[in-house]
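Below is one structure, written out as structure tokens, with a few remarks after it.
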Amino acid sequence: MPDFETLRGLPLVGPWFARARARLADHEAERVARHFTHLLPPRLACEPAERDEVFALRHGVYCEELGFEPEREDRRESDVFDARALHERLPMEVHCSEALADATIRPDHFPRESVCEISRLAVPARFRRRATDRFAGAANGGIDTRRYSSSELRCFPWIAIALYFSAAALSRQTGRRHVFVMVEPRLARAMHFVGIAFQQIGPAIEFHGQRAPYYIDRERLPGGLAPGFRRLLVVVDDALAAQRPC
């Protein structure tokens, strides 16, 4: 009898498995949303000591593990964008301007106070010890949607999902409707699994690997999510709103 992986790869059966897997993930998201603030409460890094922990985490992932940036003596990874003023350019405008090919959807096409960029997502190695978390891209928020059957959804990368939802919540709370991100195309495609439909606005270029610019209208984000994931977004949004301003 064919095993699960064989059936999943069949042209007619594969799409059915994908839809079934998405429905199961949404059901699990609804369950996780009910307990999320007790298990994985999102927390803003408001105090200097908390921000220092964030910079140390980023150094561990982006400098020591991935080698995207040179290691530093103080073991902290930060740059000028961490304390940038609203009128300054986004990181992608500085480092990847040649990839912004769509003249109608660019950061400089919108009022500066309405744009933001999601970057520096980092998941510590100690939270990636499961076999389902050991794949390229897991360290900086990637999701390998091929790995999850109904029995494996307990291993779904909820921390990565929470990072994206936290960024979405903060963009809403700060009035930043136009959200940009520079990621590997396969990671952007993976976000469709939960209903986050990034729109590619330029070609992939070499920047710590192949990365392309993407855009999403934050106001349209909730409408693309299945009910369980939409509920989880609300939970994350409420938890962060209770901590602002900081």
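Ligands are numbered from 1 in the order shown, chains are lettered A, B, ... in the order of the structure tokens, and residues start at 1 in each chain.
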
Problem - Within 10 Å of Leu40 in chain A using only C-alpha atoms, minus same-chain residues under 3 positions, as a list in words - result: Val32, His35, Phe36, Thr37, Arg43, Trp158, Ile159, Ala162 and Val236 of chain A

With range 115-119 of chain A as the partner and 10 Å as the cut-off, tabulate the residues of range 28-111 of chain A that qualify, each row holding the nearest pair of atoms and their distance in Å to one decimal, using only C-alpha atoms, sorted by chain and rising number, as a Markdown table.
```
| residue | atom | partner | partner_atom | distance |
| --- | --- | --- | --- | --- |
| A:Leu86 | CA | A:Val115 | CA | 9.1 |
| A:Arg89 | CA | A:Cys116 | CA | 9.5 |
| A:Leu90 | CA | A:Glu117 | CA | 6.5 |
| A:Pro91 | CA | A:Glu117 | CA | 7.6 |
| A:Met92 | CA | A:Glu117 | CA | 7.9 |
| A:Glu93 | CA | A:Glu117 | CA | 10.0 |
| A:Arg106 | CA | A:Val115 | CA | 9.5 |
| A:Pro107 | CA | A:Val115 | CA | 6.4 |
| A:Asp108 | CA | A:Val115 | CA | 8.7 |
| A:His109 | CA | A:Val115 | CA | 9.5 |
| A:Phe110 | CA | A:Val115 | CA | 7.0 |
| A:Pro111 | CA | A:Val115 | CA | 7.1 |
```

Would you put the residues from that selection into a file with N, CA and C atoms, as an mmCIF file, in the first residue's frame?
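Dumped everything to again_7.cif:
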```cif
data_model
loop_
_atom_site.group_PDB
_atom_site.id
_atom_site.type_symbol
_atom_site.label_atom_id
_atom_site.label_comp_id
_atom_site.auth_asym_id
_atom_site.auth_seq_id
_atom_site.Cartn_x
_atom_site.Cartn_y
_atom_site.Cartn_z
ATOM 1 N N LEU A 86 11.501 58.383 11.388
ATOM 2 C CA LEU A 86 10.461 57.992 10.444
ATOM 3 C C LEU A 86 10.772 58.418 9.022
ATOM 4 N N ARG A 89 15.246 56.040 5.184
ATOM 5 C CA ARG A 89 14.923 54.960 4.267
ATOM 6 C C ARG A 89 14.912 53.615 4.970
ATOM 7 N N LEU A 90 14.190 52.649 4.353
ATOM 8 C CA LEU A 90 14.145 51.292 4.871
ATOM 9 C C LEU A 90 15.431 50.566 4.496
ATOM 10 N N PRO A 91 15.768 49.484 5.235
ATOM 11 C CA PRO A 91 16.972 48.722 4.887
ATOM 12 C C PRO A 91 17.014 48.273 3.433
ATOM 13 N N MET A 92 15.887 47.815 2.884
ATOM 14 C CA MET A 92 15.900 47.346 1.498
ATOM 15 C C MET A 92 16.183 48.483 0.516
ATOM 16 N N GLU A 93 15.802 49.699 0.873
ATOM 17 C CA GLU A 93 16.100 50.828 0.004
ATOM 18 C C GLU A 93 17.595 51.137 -0.019
ATOM 19 N N ARG A 106 6.575 50.842 -4.350
ATOM 20 C CA ARG A 106 7.895 51.055 -3.771
ATOM 21 C C ARG A 106 7.723 51.792 -2.448
ATOM 22 N N PRO A 107 8.645 51.624 -1.527
ATOM 23 C CA PRO A 107 8.523 52.360 -0.259
ATOM 24 C C PRO A 107 8.404 53.871 -0.449
ATOM 25 N N ASP A 108 9.127 54.421 -1.440
ATOM 26 C CA ASP A 108 9.074 55.862 -1.640
ATOM 27 C C ASP A 108 7.845 56.325 -2.410
ATOM 28 N N HIS A 109 6.971 55.358 -2.763
ATOM 29 C CA HIS A 109 5.719 55.700 -3.442
ATOM 30 C C HIS A 109 4.635 56.102 -2.440
ATOM 31 N N PHE A 110 4.829 55.745 -1.176
ATOM 32 C CA PHE A 110 3.823 55.980 -0.142
ATOM 33 C C PHE A 110 4.347 57.005 0.874
ATOM 34 N N PRO A 111 3.440 57.633 1.632
ATOM 35 C CA PRO A 111 3.892 58.513 2.712
ATOM 36 C C PRO A 111 4.825 57.762 3.655
#
```

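Of the residues listed (A:His59, A:Glu184, A:Glu53, A:Leu44), A:Leu44 shows the shortest atom-to-atom separation from Ala167 in chain A; distances use only C-alpha atoms.
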
Problem - From A:Leu39, A:Cys96, A:Ser166, A:Ala197, residue lying nearest Leu225 in chain A [only C-alpha atoms] - result: A:Ala197

Problem - Minimum-distance residue to Arg34 in chain A, chosen among A:Glu50, A:Val194, A:Phe229, A:Ala241 (using only C-alpha atoms) - result: A:Phe229

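With only C-alpha atoms as the atoms that count, the minimum distance from Ala83 in chain A to the choices A:Arg51, A:Glu28, A:Glu113, A:Ala101 is reached by A:Arg51.
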
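Residue nearest Ala122 in chain A within the list A:Leu66, A:Ile161, A:Leu100, A:Leu57: A:Leu57 [criterion: smallest interatomic distance, only C-alpha atoms].
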
Handout entry: Contacts of Phe198 in chain A at 6 Å (only C-alpha atoms; same-chain gap of 4+ positions) as number ranges by chain
Key = A: 214-216

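Separating CA of Ala242 in chain A from CA of Tyr164 in chain A is a distance of 18.2 Å.
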
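Using only C-alpha atoms, the shortest contact distance between Arg220 in chain A and any of A:Arg177, A:Arg126, A:Arg31, A:His95 is found at A:Arg177.
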
Exercise for the section: Quick one: everything within 7 Å of Arg218 in chain A, counting only C-alpha atoms, minus sequence neighbours fewer than 6 positions away in the same chain. Send it as a PyMOL selection string. Expected result: chain A and resi 168+177-179

Practice task
Skip Arg211 in chain A itself and residues of its chain fewer than 5 positions away, then list as a ChimeraX atom specification all residues within 7 Å of it, counting only C-alpha atoms.
Solution key: /A:182-185,204-206

Selection from above, N, CA and C atoms, as a PDB file, in the first residue's frame, can you write it?
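Printed below is selection.pdb as written:
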```pdb
ATOM      1  N   MET A 182      12.148  41.557   2.520  1.00  0.00           N
ATOM      2  CA  MET A 182      13.133  41.031   1.574  1.00  0.00           C
ATOM      3  C   MET A 182      13.473  39.614   2.019  1.00  0.00           C
ATOM      4  N   VAL A 183      12.948  38.615   1.304  1.00  0.00           N
ATOM      5  CA  VAL A 183      13.125  37.231   1.738  1.00  0.00           C
ATOM      6  C   VAL A 183      13.375  36.321   0.535  1.00  0.00           C
ATOM      7  N   GLU A 184      13.757  35.092   0.848  1.00  0.00           N
ATOM      8  CA  GLU A 184      13.885  34.081  -0.190  1.00  0.00           C
ATOM      9  C   GLU A 184      12.498  33.796  -0.772  1.00  0.00           C
ATOM     10  N   PRO A 185      12.389  33.660  -2.090  1.00  0.00           N
ATOM     11  CA  PRO A 185      11.077  33.390  -2.702  1.00  0.00           C
ATOM     12  C   PRO A 185      10.355  32.183  -2.112  1.00  0.00           C
ATOM     13  N   ALA A 204      14.605  38.476  -7.836  1.00  0.00           N
ATOM     14  CA  ALA A 204      15.493  37.996  -6.786  1.00  0.00           C
ATOM     15  C   ALA A 204      16.922  38.424  -7.105  1.00  0.00           C
ATOM     16  N   ILE A 205      17.640  38.848  -6.081  1.00  0.00           N
ATOM     17  CA  ILE A 205      19.037  39.240  -6.238  1.00  0.00           C
ATOM     18  C   ILE A 205      19.859  38.513  -5.183  1.00  0.00           C
ATOM     19  N   GLU A 206      21.163  38.567  -5.323  1.00  0.00           N
ATOM     20  CA  GLU A 206      22.051  37.951  -4.348  1.00  0.00           C
ATOM     21  C   GLU A 206      22.221  38.902  -3.163  1.00  0.00           C
TER      22      GLU A 206
END
```

Practice task
Go through range 159-210 of chain A and collect every residue that DSSP, computed from the backbone, puts in alpha helix (DSSP H); the answer should be as a PyMOL selection string.
Solution key: chain A and resi 159-173+185-191
